[in-house]
Each structure stands twice: as C-alpha cells, then as structure tokens.
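Asks: coords-v3.csv is reproduced below (CSV, C-alpha atoms).
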chain,number,residue,atom,x,y,z
T,1403,MET,CA,103.6,111.3,81.5
T,1404,ILE,CA,104.6,108.1,79.8
T,1405,ASP,CA,104.7,108.2,76.0
T,1406,VAL,CA,105.3,105.0,74.0
T,1407,ARG,CA,105.9,105.7,70.3
T,1408,ASN,CA,105.8,103.1,67.6
T,1409,ILE,CA,107.9,100.5,69.3
T,1410,ASP,CA,108.7,97.1,67.8
T,1411,LYS,CA,110.1,94.1,69.6
T,1412,SER,CA,111.0,90.7,68.3
T,1413,PHE,CA,112.6,87.6,70.0
T,1414,GLY,CA,114.4,85.1,67.9
T,1415,GLY,CA,112.9,86.7,64.8
T,1416,LYS,CA,109.3,86.4,66.1
T,1417,PRO,CA,107.5,89.8,66.4
T,1418,VAL,CA,106.0,90.3,69.9
T,1419,LEU,CA,105.2,94.0,69.7
T,1420,LYS,CA,104.4,95.7,66.4
T,1421,ASN,CA,104.3,99.5,66.1
T,1422,VAL,CA,102.9,100.0,69.6
T,1423,SER,CA,102.0,103.5,70.6
T,1424,LEU,CA,100.4,104.3,74.0
T,1425,GLN,CA,100.2,107.3,76.4
T,1426,VAL,CA,99.7,107.1,80.1
T,1427,HIS,CA,98.4,110.3,81.5
T,1428,GLU,CA,99.3,112.0,84.8
T,1429,SER,CA,97.5,110.5,87.9
T,1430,GLU,CA,95.3,108.1,85.9
T,1431,THR,CA,95.0,104.3,86.3
T,1432,LEU,CA,95.5,102.6,83.0
T,1433,ALA,CA,94.8,98.9,82.6
T,1434,ILE,CA,96.7,97.0,79.9
T,1435,ILE,CA,94.6,94.0,79.1
T,1436,GLY,CA,94.8,91.0,76.8
T,1437,ARG,CA,95.2,87.3,76.7
T,1438,SER,CA,98.2,85.4,78.1
T,1439,GLY,CA,101.1,85.7,75.6
T,1440,SER,CA,99.7,88.8,73.9
T,1441,GLY,CA,102.7,91.0,74.8
T,1442,LYS,CA,101.3,92.8,77.9
T,1443,SER,CA,104.3,92.1,80.2
T,1444,VAL,CA,106.8,92.7,77.4
T,1445,LEU,CA,105.3,96.1,76.9
T,1446,MET,CA,105.5,96.8,80.7
T,1447,LYS,CA,109.2,95.8,80.8
T,1448,HIS,CA,109.8,98.5,78.1
T,1449,LEU,CA,108.4,101.2,80.4
T,1450,ILE,CA,111.2,100.8,82.9
T,1451,GLY,CA,114.0,99.9,80.5
T,1452,LEU,CA,114.2,96.2,81.4
T,1453,LEU,CA,113.8,95.6,77.6
T,1454,ARG,CA,114.8,98.0,74.8
T,1455,PRO,CA,112.7,98.2,71.6
T,1456,ASP,CA,114.1,97.2,68.3
T,1457,SER,CA,112.7,100.5,67.0
T,1458,GLY,CA,110.6,103.3,68.4
T,1459,HIS,CA,110.8,105.4,71.6
T,1460,VAL,CA,109.8,105.2,75.3
T,1461,LEU,CA,109.6,108.6,76.9
T,1462,ILE,CA,109.2,109.1,80.6
T,1463,ASP,CA,108.4,112.7,81.4
T,1464,GLY,CA,110.0,113.7,78.1
T,1465,THR,CA,113.1,111.6,78.5
T,1466,ASP,CA,113.8,108.9,76.0
T,1467,ILE,CA,115.0,106.1,78.3
T,1468,ASN,CA,116.7,104.3,75.4
T,1469,LYS,CA,119.1,107.2,74.8
T,1470,ILE,CA,120.4,107.7,78.3
T,1471,ASP,CA,123.2,106.0,80.2
T,1472,TYR,CA,122.8,103.4,82.9
T,1473,ASP,CA,123.1,105.9,85.8
T,1474,GLU,CA,120.5,108.2,84.3
T,1475,LEU,CA,118.2,105.2,83.7
T,1476,GLN,CA,118.5,104.2,87.3
T,1477,GLU,CA,117.3,107.7,88.3
T,1478,VAL,CA,114.3,107.3,86.0
T,1479,ARG,CA,113.6,103.8,87.5
T,1480,ARG,CA,113.5,105.3,91.0
T,1481,GLN,CA,110.3,107.1,89.9
T,1482,PHE,CA,108.7,103.6,89.5
T,1483,GLY,CA,107.4,101.2,92.1
T,1484,VAL,CA,106.7,97.7,90.7
T,1485,LEU,CA,104.5,95.0,92.1
T,1486,PHE,CA,105.7,91.8,90.4
T,1487,GLN,CA,103.3,89.0,89.7
T,1488,GLY,CA,104.7,86.7,92.4
T,1489,GLY,CA,105.5,89.5,94.8
T,1490,ALA,CA,109.3,88.7,94.4
T,1491,LEU,CA,109.9,89.1,98.2
T,1492,PHE,CA,113.3,88.0,99.5
T,1493,ASP,CA,112.7,84.8,101.4
T,1494,SER,CA,115.6,85.3,103.7
T,1495,LEU,CA,114.4,88.7,104.9
T,1496,ASP,CA,111.4,89.4,107.2
T,1497,SER,CA,108.6,91.7,106.0
T,1498,PHE,CA,110.1,94.7,107.6
T,1499,GLU,CA,113.5,94.2,105.9
T,1500,ASN,CA,111.8,93.5,102.6
T,1501,VAL,CA,110.1,96.8,102.7
T,1502,ALA,CA,113.2,98.5,104.0
T,1503,PHE,CA,115.4,97.1,101.2
T,1504,PRO,CA,114.9,99.9,98.7
T,1505,LEU,CA,115.4,102.5,101.4
T,1506,ARG,CA,118.7,101.0,102.6
T,1507,THR,CA,119.9,100.5,99.0
T,1508,PHE,CA,118.9,103.8,97.3
T,1509,THR,CA,118.8,106.4,100.1
T,1510,SER,CA,120.9,107.6,103.0
T,1511,MET,CA,118.1,107.6,105.5
T,1512,THR,CA,118.9,106.9,109.1
T,1513,ASP,CA,117.7,103.7,110.8
T,1514,ASP,CA,115.0,105.6,112.7
T,1515,ALA,CA,113.7,107.3,109.5
T,1516,ILE,CA,113.6,103.9,107.8
T,1517,LYS,CA,111.7,102.4,110.7
T,1518,LYS,CA,109.1,105.1,110.5
T,1519,GLU,CA,108.8,104.8,106.7
T,1520,VAL,CA,108.5,101.1,106.7
T,1521,GLU,CA,105.8,101.2,109.5
T,1522,GLU,CA,103.9,103.8,107.5
T,1523,CYS,CA,104.1,101.7,104.3
T,1524,LEU,CA,102.9,98.6,106.1
T,1525,MET,CA,100.0,100.6,107.5
T,1526,MET,CA,99.1,101.7,104.0
T,1527,VAL,CA,98.5,98.1,103.0
T,1528,ASN,CA,96.7,97.3,106.3
T,1529,LEU,CA,99.4,95.0,107.6
T,1530,PRO,CA,100.9,96.9,110.6
T,1531,ASP,CA,101.8,93.8,112.6
T,1532,VAL,CA,103.6,91.6,110.1
T,1533,GLY,CA,107.1,93.2,110.1
T,1534,SER,CA,108.7,90.3,112.0
T,1535,LYS,CA,107.1,87.6,109.8
T,1536,TYR,CA,108.9,86.0,106.9
T,1537,PRO,CA,107.3,85.5,103.4
T,1538,ALA,CA,106.8,81.8,104.1
T,1539,GLU,CA,104.6,82.7,107.1
T,1540,LEU,CA,102.3,84.9,105.0
T,1541,SER,CA,99.4,84.0,102.8
T,1542,GLY,CA,99.6,84.8,99.1
T,1543,GLY,CA,97.5,87.9,99.5
T,1544,MET,CA,99.6,89.1,102.4
T,1545,ARG,CA,102.8,88.6,100.5
T,1546,LYS,CA,101.5,90.7,97.6
T,1547,ARG,CA,100.5,93.4,100.1
T,1548,VAL,CA,104.0,93.4,101.7
T,1549,ALA,CA,105.4,93.6,98.1
T,1550,LEU,CA,103.1,96.6,97.5
T,1551,ALA,CA,104.4,98.3,100.6
T,1552,ARG,CA,107.9,97.8,99.3
T,1553,ALA,CA,106.9,99.2,95.9
T,1554,VAL,CA,105.7,102.5,97.4
T,1555,SER,CA,108.5,102.9,100.0
T,1556,LEU,CA,110.4,105.3,97.8
T,1557,ARG,CA,107.2,107.3,97.1
T,1558,PRO,CA,107.3,106.7,93.3
T,1559,ARG,CA,105.4,108.8,90.7
T,1560,TYR,CA,104.4,105.6,88.9
T,1561,ILE,CA,103.3,102.2,90.1
T,1562,LEU,CA,103.4,99.2,87.7
T,1563,TYR,CA,101.2,96.2,88.7
T,1564,ASP,CA,102.0,92.9,86.9
T,1565,GLU,CA,98.9,90.7,87.2
T,1566,PRO,CA,98.2,91.9,90.8
T,1567,THR,CA,95.3,89.5,91.4
T,1568,SER,CA,96.8,86.4,89.7
T,1569,GLY,CA,96.4,83.3,91.8
T,1570,LEU,CA,94.2,85.0,94.5
T,1571,ASP,CA,90.7,84.1,95.5
T,1572,PRO,CA,87.9,86.6,94.7
T,1573,GLU,CA,87.8,88.1,98.2
T,1574,THR,CA,91.6,88.7,98.4
T,1575,SER,CA,91.5,90.0,94.8
T,1576,ASN,CA,89.0,92.6,95.9
T,1577,THR,CA,91.3,93.6,98.8
T,1578,ILE,CA,94.2,94.2,96.3
T,1579,ASN,CA,91.9,96.2,94.0
T,1580,GLU,CA,90.8,98.4,96.9
T,1581,LEU,CA,94.4,99.0,97.7
T,1582,ILE,CA,95.3,100.0,94.1
T,1583,THR,CA,92.5,102.6,94.2
T,1584,ALA,CA,93.4,103.8,97.7
T,1585,LEU,CA,97.1,104.2,97.0
T,1586,ALA,CA,96.4,106.0,93.7
T,1587,GLU,CA,94.4,108.6,95.6
T,1588,GLN,CA,96.5,108.8,98.7
T,1589,LEU,CA,99.9,109.1,96.9
T,1590,SER,CA,98.6,110.8,93.7
T,1591,VAL,CA,100.5,108.3,91.6
T,1592,THR,CA,100.0,107.2,88.0
T,1593,SER,CA,99.2,103.5,87.9
T,1594,ILE,CA,99.6,100.9,85.1
T,1595,VAL,CA,97.8,97.6,85.8
T,1596,VAL,CA,98.8,94.7,83.5
T,1597,THR,CA,96.1,92.1,83.8
T,1598,HIS,CA,93.7,89.7,82.1
T,1599,ASP,CA,91.3,90.1,85.0
T,1600,MET,CA,88.3,92.1,83.8
T,1601,HIS,CA,86.8,92.3,87.3
T,1602,SER,CA,90.0,94.1,88.4
T,1603,VAL,CA,89.9,96.4,85.3
T,1604,LEU,CA,86.3,97.5,86.0
T,1605,ASP,CA,87.1,98.1,89.7
T,1606,VAL,CA,90.3,100.2,89.4
T,1607,ALA,CA,90.9,101.6,85.9
T,1608,ASP,CA,90.1,104.9,84.3
T,1609,ARG,CA,91.1,103.7,80.9
T,1610,ALA,CA,92.0,100.4,79.3
T,1611,ALA,CA,94.2,99.4,76.3
T,1612,LEU,CA,93.8,95.9,74.8
T,1613,VAL,CA,96.9,94.3,73.4
T,1614,HIS,CA,96.1,91.8,70.7
T,1615,GLY,CA,98.4,90.3,68.1
T,1616,GLY,CA,101.3,92.4,69.4
T,1617,THR,CA,99.4,95.7,68.7
T,1618,ILE,CA,97.2,98.1,70.7
T,1619,HIS,CA,94.0,96.8,69.2
T,1620,TRP,CA,91.7,99.1,71.2
T,1621,SER,CA,91.9,101.8,73.9
T,1622,GLY,CA,89.4,104.0,75.7
T,1623,THR,CA,87.7,104.8,78.9
T,1624,ILE,CA,85.9,102.2,81.0
T,1625,GLN,CA,82.6,103.8,79.8
T,1626,ASP,CA,83.8,103.3,76.2
T,1627,LEU,CA,84.6,99.7,77.1
T,1628,HIS,CA,81.0,99.1,78.2
T,1629,LEU,CA,79.7,100.4,74.9
T,1630,CYS,CA,82.3,98.9,72.7
T,1631,GLU,CA,81.1,96.6,69.9
T,1632,ASP,CA,84.5,95.5,68.6
T,1633,ARG,CA,84.5,91.8,68.1
T,1634,VAL,CA,87.9,91.2,69.6
T,1635,VAL,CA,87.1,93.3,72.7
T,1636,CYS,CA,83.7,91.7,73.2
T,1637,ASN,CA,85.2,88.2,73.0
T,1638,PHE,CA,87.9,89.0,75.5
T,1639,VAL,CA,85.4,90.6,78.0
T,1640,ARG,CA,82.9,87.7,77.6
T,1641,ALA,CA,85.6,85.1,78.2
T,1642,SER,CA,86.8,87.0,81.3
T,1643,GLU,CA,83.3,87.2,82.7
T,1644,TYR,CA,82.9,83.4,82.2
T,1645,GLN,CA,86.2,82.8,84.1
T,1646,ILE,CA,85.1,85.1,86.9
T,1647,GLY,CA,81.8,83.2,87.1
T,1648,MET,CA,83.6,79.9,87.3
T,1649,SER,CA,86.0,81.2,90.0
T,1650,LEU,CA,83.0,82.4,92.1
T,1651,SER,CA,81.3,79.1,91.6
T,1652,GLU,CA,84.4,77.1,92.7
T,1653,SER,CA,84.8,79.3,95.8
T,1654,GLN,CA,81.3,78.6,96.9
T,1655,GLN,CA,81.6,74.8,96.7
Written as structure tokens, that's how I'd like the structure from this file.
Replies:
Amino acid sequence: MIDVRNIDKSFGGKPVLKNVSLQVHESETLAIIGRSGSGKSVLMKHLIGLLRPDSGHVLIDGTDINKIDYDELQEVRRQFGVLFQGGALFDSLDSFENVAFPLRTFTSMTDDAIKKEVEECLMMVNLPDVGSKYPAELSGGMRKRVALARAVSLRPRYILYDEPTSGLDPETSNTINELITALAEQLSVTSIVVTHDMHSVLDVADRAALVHGGTIHWSGTIQDLHLCEDRVVCNFVRASEYQIGMSLSESQQ
C-alpha cells in the first residue's frame, strides 16, 4: 500500500503541495485528477522519491522512502513501473532494446530470457511485430504502448501513469485506457493514473482524488464522483466533458 501523510512541498518559497494525505490501496486503480499546474505530477514524483517533501512522509509498503539510503530507495523504485507523459523512449534504440533496457540494467537475465520477456511484454500491449522499429517510425499511440511494455518488463507491483492519453486522438486514448484496465487485471498491479482526462478516469479508475490549490480537495469512488455536488469537483468534471465534446467534434470534421 502507498500511504502519503501530511506532505508539504514548496519551490522558491511558493507552496505547491499543502498538507497532502492520500492512501492507494492494494490492487486498485486510483486516478489523481486536477487542472494543469494543480500539483498532480509533483505529487506523483514524491511517490517514487524523485522529489522529497519539505515535511511529511511517503510510505511504500510501510517503508518511509525519505528515511532510507539511495541503494534502498532503488530497491523500492524497482517495484514501480512508470509510463511518462511523452513515453520517454530512447530514440537511438529500437523498440525491442527499449523494452529490454530495464532487464539488462537491473537483472542478470540471459539474452534468451530477455528475448522471451520482451516479446511477452510487447504482446501484452498488442504490438508483437514492432521490435525492430525505432521510436521515430511509430505513431504517438504506439510509442506510448512500447513505453508501457517497458514499464511492466520488471513485473512491478505499482504502475504510475503520467497523463497517459495526453496528445492522443479519442480512438487511441480508448486503446490506452483498455490496456490500463487489462494490465491491472492481468498483472494484479496497483495503478495510479495522473490525468485531467475525465473520460479516462471514468473508464479505468476505481477511485479518484482531486488535487486543487495544492491540497486533496476531494476523494471517493467513481460512484461517489457521479453523485458529488461539490462545486469545485462539478466545475472540473463539466469543463472536462466540454473538452471531450470538442475533441470528438474536431475528430469528425
């Protein structure tokens, strides 16, 4: 379980996170939602120790990751797979070697074992035939799927998705959402989806937490979200629905 307790974070004296507490339960998919600049990605970076809070605690399976040394932190990070917003593939490596990179770096697996694992991971994201292709030869959606194959190659307990549908057309976004759900079930992982895309939230999440003004303004199940009458939550959801409608309209022109 991930347990965030009363963390504060400021940059240049400007508060970004203020007394944030949040729990992510075993095997659930939690969506962290909010407007751009609300602090969603900053919060996500605290979960894997890329940022340290000014105060408060981040516990991963009971371990306070801000009180351990670098080698111990690296062991905790190996429990996480991360799908970065832009995919973050290595342009100089083909898709096979991109997926193989964590296996070559963090394990002592043989080449044959790596080959089998990479092929299995690419199959999971429905891209069995792109191993020889470089990122520049792939569409945006395919690049994200290869990056997702890399994220699961070490069989993590947790997967972090940073704006997984950003910049994608509605059809490709649906494909990514379907993969998030399928991998959660197939690998029994705990998923954290950082997004402002309400369509994605409603498709994949068990619970949602709204970051607003640097705090967790609201959290609850998706059913709770449908029934919520909080003004900030309602305004965010309505604005997202408008944006979804505009995207659909543009795609049909």
Asks: Of the candidates T:Val1406, T:Val1527, T:Ala1502, T:Leu1629, which shows the shortest atom-to-atom distance to T:Leu1550, using all atoms listed in the file?
Replies: T:Val1527
Asks: Which residue gives the smallest distance to T:Thr1583 among T:Asn1421, T:Ile1467, T:Leu1432, T:Lys1447, with all atoms listed in the file counted?
Replies: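 That would be T:Leu1432, the residue with the smallest distance to T:Thr1583.
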Asks: One decimal, in Å: what's the spacing between atom CA of T:Lys1416 and atom CA of T:Leu1452?
Replies: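 Separation of atom CA of T:Lys1416 and atom CA of T:Leu1452: 18.8 Å.
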Asks: To one decimal in Å, tell me the separation between atom CA of T:Glu1573 and atom CA of T:Asp1626.
Replies: 27.0 Å
Asks: Expressed in Å to a single decimal, how great is the separation between atom CA of T:Arg1454 and atom CA of T:Ala1553?
Replies: 22.6 Å
Asks: Applying 12 Å and only C-alpha atoms, which residues near T:Leu1562 remain after dropping the ones on its own chain fewer than 5 positions away? List them as a ChimeraX atom specification.
Replies: /T:1404,1426,1431-1434,1442-1443,1445-1450,1479,1481-1487,1549-1550,1553-1554,1582,1586,1591-1597
Asks: Excluding same-chain residues fewer than 5 positions from T:Ser1534, what lies within 10 Å of it counting only C-alpha atoms, as a list in words?
Replies: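 Listing them by chain and then by number gives Leu1495, Asp1496, Ser1497, Phe1498, Glu1499 and Glu1539 of chain T.
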Asks: Taking into account only C-alpha atoms, which residue in the set T:Gly1489, T:Pro1504, T:Pro1572, T:Gly1543 is nearest to T:Ser1555?
Replies: T:Pro1504
